[in-house]
file entry10.txt (compact mmCIF, N, CA and C atoms)
# COMPACT_ATOMS: atom_id res chain seq x y z
N MET A 1 65.03 55.82 -11.80
CA MET A 1 63.64 55.93 -12.17
C MET A 1 63.52 56.56 -13.55
N GLY A 2 62.72 55.93 -14.36
CA GLY A 2 62.49 56.46 -15.70
C GLY A 2 61.40 57.51 -15.70
N LYS A 3 61.26 58.17 -16.83
CA LYS A 3 60.20 59.17 -16.97
C LYS A 3 58.85 58.48 -17.00
N ILE A 4 57.83 59.16 -16.49
CA ILE A 4 56.48 58.61 -16.58
C ILE A 4 55.61 59.42 -17.53
N GLU A 5 56.24 60.36 -18.27
CA GLU A 5 55.49 61.13 -19.24
C GLU A 5 54.92 60.20 -20.30
N GLY A 6 53.65 60.44 -20.64
CA GLY A 6 53.03 59.67 -21.70
C GLY A 6 52.55 58.29 -21.27
N VAL A 7 52.81 57.92 -20.02
CA VAL A 7 52.32 56.62 -19.54
C VAL A 7 50.83 56.74 -19.35
N LYS A 8 50.10 55.77 -19.83
CA LYS A 8 48.64 55.82 -19.73
C LYS A 8 48.20 55.67 -18.28
N LEU A 9 46.99 56.15 -17.99
CA LEU A 9 46.44 56.14 -16.65
C LEU A 9 46.49 54.75 -16.02
N PHE A 10 46.12 53.71 -16.77
CA PHE A 10 46.08 52.39 -16.16
C PHE A 10 47.46 51.91 -15.74
N ARG A 11 48.51 52.40 -16.35
CA ARG A 11 49.86 52.04 -15.92
C ARG A 11 50.24 52.79 -14.64
N LYS A 12 49.82 54.02 -14.52
CA LYS A 12 50.16 54.83 -13.35
C LYS A 12 49.52 54.25 -12.08
N ILE A 13 48.31 53.73 -12.20
CA ILE A 13 47.66 53.21 -11.01
C ILE A 13 47.70 51.69 -10.96
N ASN A 14 48.56 51.10 -11.81
CA ASN A 14 48.83 49.66 -11.79
C ASN A 14 47.59 48.82 -12.07
N VAL A 15 46.76 49.26 -13.02
CA VAL A 15 45.60 48.47 -13.44
C VAL A 15 45.85 48.07 -14.88
N ARG A 16 45.78 46.80 -15.15
CA ARG A 16 46.05 46.34 -16.51
C ARG A 16 44.81 46.48 -17.39
N PRO A 17 45.00 46.65 -18.70
CA PRO A 17 43.86 46.72 -19.61
C PRO A 17 43.04 45.44 -19.51
N GLY A 18 41.73 45.57 -19.57
CA GLY A 18 40.88 44.40 -19.48
C GLY A 18 40.56 43.98 -18.05
N ALA A 19 40.98 44.77 -17.09
CA ALA A 19 40.72 44.45 -15.68
C ALA A 19 39.22 44.50 -15.40
N VAL A 20 38.81 43.85 -14.35
CA VAL A 20 37.42 43.88 -13.92
C VAL A 20 37.19 45.11 -13.04
N VAL A 21 36.18 45.89 -13.36
CA VAL A 21 35.83 47.07 -12.58
C VAL A 21 34.59 46.72 -11.76
N GLN A 22 34.71 46.83 -10.45
CA GLN A 22 33.58 46.52 -9.57
C GLN A 22 32.91 47.82 -9.15
N ILE A 23 31.61 47.92 -9.42
CA ILE A 23 30.83 49.10 -9.07
C ILE A 23 29.85 48.69 -7.99
N ILE A 24 30.02 49.24 -6.80
CA ILE A 24 29.17 48.89 -5.68
C ILE A 24 27.86 49.67 -5.79
N THR A 25 26.75 48.95 -5.82
CA THR A 25 25.45 49.57 -6.06
C THR A 25 24.66 49.84 -4.79
N ASN A 26 24.90 49.08 -3.73
CA ASN A 26 24.19 49.28 -2.47
C ASN A 26 24.94 48.58 -1.35
N ASN A 27 24.46 48.75 -0.12
CA ASN A 27 25.16 48.15 1.02
C ASN A 27 24.23 47.30 1.89
N TYR A 28 23.13 46.84 1.33
CA TYR A 28 22.23 45.99 2.11
C TYR A 28 21.92 44.71 1.34
N CYS A 29 21.48 43.71 2.10
CA CYS A 29 21.27 42.40 1.52
C CYS A 29 20.26 41.62 2.35
N ASN A 30 19.56 40.72 1.70
CA ASN A 30 18.61 39.88 2.42
C ASN A 30 19.19 38.50 2.72
N LEU A 31 20.41 38.23 2.31
CA LEU A 31 21.01 36.90 2.47
C LEU A 31 21.88 36.78 3.71
N HIS A 32 22.61 37.82 4.06
CA HIS A 32 23.46 37.87 5.25
C HIS A 32 24.51 36.76 5.29
N CYS A 33 25.19 36.55 4.19
CA CYS A 33 26.24 35.53 4.11
C CYS A 33 27.41 35.91 5.03
N GLU A 34 27.89 35.00 5.78
CA GLU A 34 28.96 35.27 6.74
C GLU A 34 30.27 35.67 6.07
N TRP A 35 30.48 35.28 4.83
CA TRP A 35 31.73 35.56 4.12
C TRP A 35 31.66 36.85 3.30
N CYS A 36 30.61 37.64 3.47
CA CYS A 36 30.42 38.84 2.65
C CYS A 36 31.61 39.79 2.77
N SER A 37 32.23 40.09 1.63
CA SER A 37 33.40 40.97 1.65
C SER A 37 33.02 42.44 1.85
N PHE A 38 31.74 42.78 1.73
CA PHE A 38 31.29 44.15 1.94
C PHE A 38 30.63 44.32 3.30
N LEU A 39 30.71 43.29 4.13
CA LEU A 39 30.18 43.29 5.50
C LEU A 39 28.67 43.50 5.54
N CYS A 40 27.98 43.11 4.49
CA CYS A 40 26.52 43.27 4.45
C CYS A 40 25.80 42.23 5.29
N ASN A 41 26.55 41.31 5.86
CA ASN A 41 25.97 40.35 6.80
C ASN A 41 25.74 41.01 8.16
N LEU A 42 26.34 42.16 8.39
CA LEU A 42 26.18 42.88 9.65
C LEU A 42 24.96 43.79 9.58
N PRO A 43 24.27 43.98 10.68
CA PRO A 43 23.07 44.82 10.65
C PRO A 43 23.42 46.29 10.42
N ILE A 44 22.48 46.99 9.83
CA ILE A 44 22.63 48.44 9.66
C ILE A 44 22.12 49.10 10.94
N SER A 45 23.00 49.92 11.52
CA SER A 45 22.67 50.60 12.78
C SER A 45 23.37 51.95 12.80
N LYS A 46 22.66 52.98 13.19
CA LYS A 46 23.27 54.33 13.23
C LYS A 46 24.45 54.40 14.19
N ASP A 47 24.55 53.44 15.12
CA ASP A 47 25.63 53.42 16.09
C ASP A 47 26.77 52.47 15.71
N SER A 48 26.72 51.90 14.50
CA SER A 48 27.74 50.94 14.08
C SER A 48 29.12 51.58 14.07
N LYS A 49 30.13 50.81 14.44
CA LYS A 49 31.52 51.27 14.38
C LYS A 49 32.01 51.31 12.93
N ILE A 50 31.32 50.60 12.05
CA ILE A 50 31.69 50.53 10.64
C ILE A 50 30.83 51.53 9.87
N ILE A 51 31.47 52.52 9.29
CA ILE A 51 30.77 53.61 8.62
C ILE A 51 29.78 53.09 7.57
N ASN A 52 30.19 52.11 6.81
CA ASN A 52 29.34 51.56 5.74
C ASN A 52 28.08 50.87 6.27
N ARG A 53 28.00 50.62 7.56
CA ARG A 53 26.84 49.93 8.13
C ARG A 53 25.92 50.86 8.91
N ARG A 54 26.17 52.17 8.85
CA ARG A 54 25.35 53.12 9.63
C ARG A 54 24.05 53.50 8.94
N LYS A 55 23.98 53.39 7.63
CA LYS A 55 22.80 53.80 6.90
C LYS A 55 22.73 53.02 5.59
N ALA A 56 21.55 52.54 5.22
CA ALA A 56 21.38 51.85 3.95
C ALA A 56 21.48 52.87 2.81
N TRP A 57 22.12 52.49 1.71
CA TRP A 57 22.23 53.39 0.58
C TRP A 57 22.23 52.61 -0.73
N ASN A 58 21.87 53.31 -1.80
CA ASN A 58 21.93 52.82 -3.19
C ASN A 58 22.75 53.79 -4.00
N ILE A 59 23.37 53.32 -5.05
CA ILE A 59 23.99 54.22 -6.01
C ILE A 59 22.86 55.01 -6.69
N SER A 60 23.11 56.27 -6.96
CA SER A 60 22.10 57.09 -7.65
C SER A 60 22.44 57.12 -9.15
N THR A 61 21.46 57.51 -9.95
CA THR A 61 21.74 57.64 -11.37
C THR A 61 22.77 58.75 -11.60
N GLU A 62 22.75 59.78 -10.76
CA GLU A 62 23.74 60.86 -10.88
C GLU A 62 25.15 60.34 -10.61
N GLU A 63 25.29 59.46 -9.62
CA GLU A 63 26.61 58.88 -9.33
C GLU A 63 27.08 57.97 -10.46
N ALA A 64 26.16 57.23 -11.05
CA ALA A 64 26.50 56.38 -12.20
C ALA A 64 26.95 57.25 -13.38
N GLU A 65 26.24 58.35 -13.61
CA GLU A 65 26.62 59.26 -14.69
C GLU A 65 27.98 59.91 -14.41
N LEU A 66 28.24 60.26 -13.16
CA LEU A 66 29.53 60.85 -12.79
C LEU A 66 30.66 59.86 -13.03
N TYR A 67 30.45 58.59 -12.67
CA TYR A 67 31.46 57.56 -12.95
C TYR A 67 31.75 57.52 -14.46
N CYS A 68 30.70 57.48 -15.26
CA CYS A 68 30.87 57.40 -16.72
C CYS A 68 31.61 58.62 -17.26
N GLU A 69 31.31 59.79 -16.71
CA GLU A 69 31.97 61.03 -17.14
C GLU A 69 33.44 61.03 -16.75
N ARG A 70 33.74 60.68 -15.52
CA ARG A 70 35.12 60.74 -15.03
C ARG A 70 36.03 59.70 -15.68
N PHE A 71 35.46 58.56 -16.03
CA PHE A 71 36.28 57.49 -16.60
C PHE A 71 36.02 57.30 -18.09
N LYS A 72 35.49 58.31 -18.74
CA LYS A 72 35.25 58.24 -20.18
C LYS A 72 36.56 57.94 -20.90
N GLY A 73 36.53 56.94 -21.73
CA GLY A 73 37.73 56.55 -22.47
C GLY A 73 38.62 55.57 -21.73
N HIS A 74 38.36 55.33 -20.46
CA HIS A 74 39.14 54.38 -19.67
C HIS A 74 38.28 53.16 -19.36
N TYR A 75 38.92 52.03 -19.25
CA TYR A 75 38.25 50.77 -18.90
C TYR A 75 37.18 50.38 -19.91
N THR A 76 37.32 50.82 -21.16
CA THR A 76 36.30 50.50 -22.16
C THR A 76 36.31 49.02 -22.54
N ASN A 77 37.42 48.35 -22.40
CA ASN A 77 37.49 46.92 -22.72
C ASN A 77 37.43 46.06 -21.47
N SER A 78 37.07 46.66 -20.36
CA SER A 78 37.00 45.94 -19.10
C SER A 78 35.59 45.43 -18.86
N ILE A 79 35.50 44.41 -18.05
CA ILE A 79 34.20 43.94 -17.60
C ILE A 79 33.81 44.78 -16.39
N HIS A 80 32.61 45.29 -16.38
CA HIS A 80 32.09 46.07 -15.26
C HIS A 80 31.11 45.19 -14.50
N LYS A 81 31.34 45.02 -13.21
CA LYS A 81 30.46 44.21 -12.38
C LYS A 81 29.66 45.12 -11.46
N LEU A 82 28.34 45.01 -11.53
CA LEU A 82 27.48 45.71 -10.59
C LEU A 82 27.24 44.76 -9.44
N LEU A 83 27.73 45.14 -8.28
CA LEU A 83 27.54 44.28 -7.11
C LEU A 83 27.45 45.14 -5.88
N GLY A 84 27.31 44.53 -4.77
CA GLY A 84 27.22 45.29 -3.54
C GLY A 84 26.82 44.36 -2.42
N GLY A 85 25.86 44.84 -1.69
CA GLY A 85 25.18 43.95 -0.78
C GLY A 85 24.44 42.96 -1.65
N GLU A 86 23.30 43.36 -2.10
CA GLU A 86 22.48 42.55 -3.00
C GLU A 86 21.88 43.51 -4.02
N THR A 87 22.51 43.59 -5.20
CA THR A 87 22.07 44.53 -6.23
C THR A 87 20.61 44.32 -6.59
N THR A 88 20.17 43.08 -6.64
CA THR A 88 18.79 42.81 -7.03
C THR A 88 17.78 43.13 -5.93
N ALA A 89 18.26 43.54 -4.74
CA ALA A 89 17.35 43.98 -3.68
C ALA A 89 16.95 45.45 -3.86
N MET A 90 17.62 46.13 -4.79
CA MET A 90 17.25 47.51 -5.08
C MET A 90 15.87 47.53 -5.73
N PRO A 91 15.13 48.61 -5.58
CA PRO A 91 13.85 48.71 -6.30
C PRO A 91 14.11 48.52 -7.80
N PRO A 92 13.33 47.67 -8.47
CA PRO A 92 13.60 47.36 -9.89
C PRO A 92 13.71 48.59 -10.78
N GLU A 93 12.84 49.58 -10.58
CA GLU A 93 12.91 50.77 -11.44
C GLU A 93 14.23 51.52 -11.26
N LYS A 94 14.76 51.52 -10.06
CA LYS A 94 16.05 52.17 -9.79
C LYS A 94 17.18 51.38 -10.45
N LEU A 95 17.15 50.06 -10.31
CA LEU A 95 18.17 49.21 -10.92
C LEU A 95 18.15 49.37 -12.45
N TYR A 96 16.96 49.38 -13.05
CA TYR A 96 16.86 49.56 -14.49
C TYR A 96 17.40 50.92 -14.92
N ALA A 97 17.15 51.95 -14.12
CA ALA A 97 17.66 53.29 -14.44
C ALA A 97 19.19 53.32 -14.40
N ILE A 98 19.78 52.63 -13.43
CA ILE A 98 21.25 52.56 -13.32
C ILE A 98 21.81 51.83 -14.53
N ILE A 99 21.22 50.70 -14.89
CA ILE A 99 21.67 49.94 -16.05
C ILE A 99 21.56 50.79 -17.31
N ASP A 100 20.46 51.52 -17.46
CA ASP A 100 20.27 52.40 -18.62
C ASP A 100 21.37 53.44 -18.73
N VAL A 101 21.80 53.99 -17.59
CA VAL A 101 22.88 54.99 -17.60
C VAL A 101 24.15 54.36 -18.14
N PHE A 102 24.52 53.19 -17.64
CA PHE A 102 25.75 52.56 -18.10
C PHE A 102 25.68 52.16 -19.57
N VAL A 103 24.56 51.66 -20.01
CA VAL A 103 24.42 51.26 -21.40
C VAL A 103 24.49 52.50 -22.31
N ALA A 104 23.87 53.60 -21.90
CA ALA A 104 23.84 54.81 -22.72
C ALA A 104 25.18 55.56 -22.73
N LYS A 105 25.89 55.55 -21.60
CA LYS A 105 27.07 56.41 -21.45
C LYS A 105 28.40 55.73 -21.74
N LYS A 106 28.50 54.44 -21.50
CA LYS A 106 29.80 53.77 -21.68
C LYS A 106 29.85 53.12 -23.05
N GLU A 107 30.82 53.51 -23.85
CA GLU A 107 30.96 52.93 -25.17
C GLU A 107 31.47 51.49 -25.07
N ASN A 108 30.88 50.64 -25.86
CA ASN A 108 31.32 49.25 -25.95
C ASN A 108 31.29 48.53 -24.61
N LEU A 109 30.36 48.90 -23.76
CA LEU A 109 30.32 48.37 -22.40
C LEU A 109 29.87 46.93 -22.35
N SER A 110 30.53 46.17 -21.52
CA SER A 110 30.12 44.81 -21.22
C SER A 110 30.12 44.71 -19.70
N PHE A 111 28.98 44.35 -19.11
CA PHE A 111 29.00 44.26 -17.66
C PHE A 111 28.14 43.13 -17.15
N TYR A 112 28.39 42.80 -15.91
CA TYR A 112 27.69 41.72 -15.24
C TYR A 112 26.97 42.26 -14.02
N LEU A 113 25.77 41.78 -13.83
CA LEU A 113 25.01 42.05 -12.63
C LEU A 113 25.20 40.81 -11.77
N THR A 114 25.83 40.96 -10.62
CA THR A 114 26.23 39.80 -9.83
C THR A 114 25.57 39.82 -8.47
N ASP A 115 25.10 38.66 -8.04
CA ASP A 115 24.67 38.50 -6.66
C ASP A 115 25.14 37.13 -6.18
N SER A 116 24.71 36.74 -5.02
CA SER A 116 25.19 35.49 -4.45
C SER A 116 24.66 34.25 -5.14
N THR A 117 23.59 34.39 -5.90
CA THR A 117 22.98 33.20 -6.50
C THR A 117 23.11 33.11 -8.00
N TYR A 118 23.25 34.22 -8.70
CA TYR A 118 23.37 34.16 -10.15
C TYR A 118 24.09 35.39 -10.68
N SER A 119 24.48 35.31 -11.96
CA SER A 119 25.09 36.45 -12.65
C SER A 119 24.36 36.64 -13.97
N ALA A 120 24.10 37.85 -14.32
CA ALA A 120 23.48 38.16 -15.62
C ALA A 120 24.47 38.97 -16.43
N SER A 121 24.70 38.56 -17.64
CA SER A 121 25.62 39.27 -18.53
C SER A 121 24.82 40.21 -19.41
N ILE A 122 25.23 41.46 -19.49
CA ILE A 122 24.53 42.46 -20.29
C ILE A 122 25.54 43.08 -21.23
N LYS A 123 25.27 42.97 -22.53
CA LYS A 123 26.16 43.55 -23.53
C LYS A 123 25.35 44.46 -24.43
N PRO A 124 25.99 45.51 -24.95
CA PRO A 124 25.26 46.42 -25.83
C PRO A 124 24.83 45.73 -27.12
N THR A 125 23.71 46.17 -27.67
CA THR A 125 23.23 45.59 -28.94
C THR A 125 23.58 46.46 -30.10

call {"tool": "encode", "arguments": {"input": "entry10.txt", "output": "structure tokens"}}
result
Amino acid sequence: MGKIEGVKLFRKINVRPGAVVQIITNNYCNLHCEWCSFLCNLPISKDSKIINRRKAWNISTEEAELYCERFKGHYTNSIHKLLGGETTAMPPEKLYAIIDVFVAKKENLSFYLTDSTYSASIKPT
């Protein structure tokens, strides 16, 4: 085994530069697609065996800011995808606030807002 001193973070966790970063924004959806990889096709119930299905949630602006703080300088050339259950099912003012955090905090950010029917590309001006 060789030394790992000086190896950049993305090499240590086996993520290549330019990788796609998926940011889960919520866990609910109005489409209920059977192939949903986040299991958002299943009902939300406090008695669910699946922890992610016990309570509806949205990412907060504080959590978005924490992500930007913790990964400052990393993944700057990566595509960031905002997805989840159905990102566009979030209250619009909340979604706009989350987007504003990423645009303000991440340098050179390029990200996509993705749902089951369309994708919107957002790049800094």

call {"tool": "atom_distance", "arguments": {"input": "entry10.txt", "atom1": "atom CA of Glu86 of chain A", "atom2": "atom CA of Asn27 of chain A"}}
result
7.4 Å

call {"tool": "atom_distance", "arguments": {"input": "entry10.txt", "atom1": "atom N of Leu83 of chain A", "atom2": "atom N of Ile23 of chain A"}}
result
4.9 Å

call {"tool": "select_by_dssp", "arguments": {"input": "entry10.txt", "residues": "segment 15-114 of chain A", "states": "strand (DSSP E or B)", "output": "list of chain:residue names"}}
result
A:Val20, A:Val21, A:Gln22, A:Ile23, A:Ile24, A:Asn26, A:Asn58, A:Ile79, A:His80, A:Lys81, A:Leu82, A:Leu83, A:Ser110, A:Phe111, A:Tyr112, A:Leu113, A:Thr114

call {"tool": "write_last_selection", "arguments": {"input": "entry10.txt", "atoms": "N, CA and C atoms", "output": "PDB file, keeping the file's coordinate frame"}}
result
ATOM      1  N   VAL A  20      38.810  43.850 -14.350  1.00  0.00           N
ATOM      2  CA  VAL A  20      37.420  43.880 -13.920  1.00  0.00           C
ATOM      3  C   VAL A  20      37.190  45.110 -13.040  1.00  0.00           C
ATOM      4  N   VAL A  21      36.180  45.890 -13.360  1.00  0.00           N
ATOM      5  CA  VAL A  21      35.830  47.070 -12.580  1.00  0.00           C
ATOM      6  C   VAL A  21      34.590  46.720 -11.760  1.00  0.00           C
ATOM      7  N   GLN A  22      34.710  46.830 -10.450  1.00  0.00           N
ATOM      8  CA  GLN A  22      33.580  46.520  -9.570  1.00  0.00           C
ATOM      9  C   GLN A  22      32.910  47.820  -9.150  1.00  0.00           C
ATOM     10  N   ILE A  23      31.610  47.920  -9.420  1.00  0.00           N
ATOM     11  CA  ILE A  23      30.830  49.100  -9.070  1.00  0.00           C
ATOM     12  C   ILE A  23      29.850  48.690  -7.990  1.00  0.00           C
ATOM     13  N   ILE A  24      30.020  49.240  -6.800  1.00  0.00           N
ATOM     14  CA  ILE A  24      29.170  48.890  -5.680  1.00  0.00           C
ATOM     15  C   ILE A  24      27.860  49.670  -5.790  1.00  0.00           C
ATOM     16  N   ASN A  26      24.900  49.080  -3.730  1.00  0.00           N
ATOM     17  CA  ASN A  26      24.190  49.280  -2.470  1.00  0.00           C
ATOM     18  C   ASN A  26      24.940  48.580  -1.350  1.00  0.00           C
ATOM     19  N   ASN A  58      21.870  53.310  -1.800  1.00  0.00           N
ATOM     20  CA  ASN A  58      21.930  52.820  -3.190  1.00  0.00           C
ATOM     21  C   ASN A  58      22.750  53.790  -4.000  1.00  0.00           C
ATOM     22  N   ILE A  79      35.500  44.410 -18.050  1.00  0.00           N
ATOM     23  CA  ILE A  79      34.200  43.940 -17.600  1.00  0.00           C
ATOM     24  C   ILE A  79      33.810  44.780 -16.390  1.00  0.00           C
ATOM     25  N   HIS A  80      32.610  45.290 -16.380  1.00  0.00           N
ATOM     26  CA  HIS A  80      32.090  46.070 -15.260  1.00  0.00           C
ATOM     27  C   HIS A  80      31.110  45.190 -14.500  1.00  0.00           C
ATOM     28  N   LYS A  81      31.340  45.020 -13.210  1.00  0.00           N
ATOM     29  CA  LYS A  81      30.460  44.210 -12.380  1.00  0.00           C
ATOM     30  C   LYS A  81      29.660  45.120 -11.460  1.00  0.00           C
ATOM     31  N   LEU A  82      28.340  45.010 -11.530  1.00  0.00           N
ATOM     32  CA  LEU A  82      27.480  45.710 -10.590  1.00  0.00           C
ATOM     33  C   LEU A  82      27.240  44.760  -9.440  1.00  0.00           C
ATOM     34  N   LEU A  83      27.730  45.140  -8.280  1.00  0.00           N
ATOM     35  CA  LEU A  83      27.540  44.280  -7.110  1.00  0.00           C
ATOM     36  C   LEU A  83      27.450  45.140  -5.880  1.00  0.00           C
ATOM     37  N   SER A 110      30.530  46.170 -21.520  1.00  0.00           N
ATOM     38  CA  SER A 110      30.120  44.810 -21.220  1.00  0.00           C
ATOM     39  C   SER A 110      30.120  44.710 -19.700  1.00  0.00           C
ATOM     40  N   PHE A 111      28.980  44.350 -19.110  1.00  0.00           N
ATOM     41  CA  PHE A 111      29.000  44.260 -17.660  1.00  0.00           C
ATOM     42  C   PHE A 111      28.140  43.130 -17.150  1.00  0.00           C
ATOM     43  N   TYR A 112      28.390  42.800 -15.910  1.00  0.00           N
ATOM     44  CA  TYR A 112      27.690  41.720 -15.240  1.00  0.00           C
ATOM     45  C   TYR A 112      26.970  42.260 -14.020  1.00  0.00           C
ATOM     46  N   LEU A 113      25.770  41.780 -13.830  1.00  0.00           N
ATOM     47  CA  LEU A 113      25.010  42.050 -12.630  1.00  0.00           C
ATOM     48  C   LEU A 113      25.200  40.810 -11.770  1.00  0.00           C
ATOM     49  N   THR A 114      25.830  40.960 -10.620  1.00  0.00           N
ATOM     50  CA  THR A 114      26.230  39.800  -9.830  1.00  0.00           C
ATOM     51  C   THR A 114      25.570  39.820  -8.470  1.00  0.00           C
TER      52      THR A 114
END

call {"tool": "residues_around", "arguments": {"input": "entry10.txt", "residues": "segment 88-98 of chain A", "least_positions_apart": "2", "cutoff": "7 Å", "atoms": "all atoms listed in the file", "output": "list in words"}}
result
Tyr28, Cys29, Asn30, Ser60, Thr61, Ala64, Gly85, Glu86, Asp100, Val101, Phe102, Val103, Thr114 and Asp115 of chain A

call {"tool": "residues_around", "arguments": {"input": "entry10.txt", "residues": "Cys40 of chain A", "least_positions_apart": "5", "cutoff": "12 Å", "atoms": "only C-alpha atoms", "output": "list in words"}}
result
Ile24, Asn26, Asn27, Tyr28, Cys29, Asn30, Leu31, His32, Cys33, Glu34, Trp35, Ser45, Ile50, Ile51, Asn52, Arg53, Arg54, Lys55, Ala56, Trp57, Leu83, Gly84, Gly85, Glu86, Thr87 and Ser116 of chain A

call {"tool": "select_by_dssp", "arguments": {"input": "entry10.txt", "residues": "segment 31-73 of chain A", "states": "helix (DSSP H, G or I)", "output": "list in words"}}
result
Ile51, Asn52, Arg53, Thr61, Glu62, Glu63, Ala64, Glu65, Leu66, Tyr67, Cys68, Glu69 and Arg70 of chain A

call {"tool": "atom_distance", "arguments": {"input": "entry10.txt", "atom1": "atom N of Lys72 of chain A", "atom2": "atom N of Gln22 of chain A"}}
result
14.2 Å
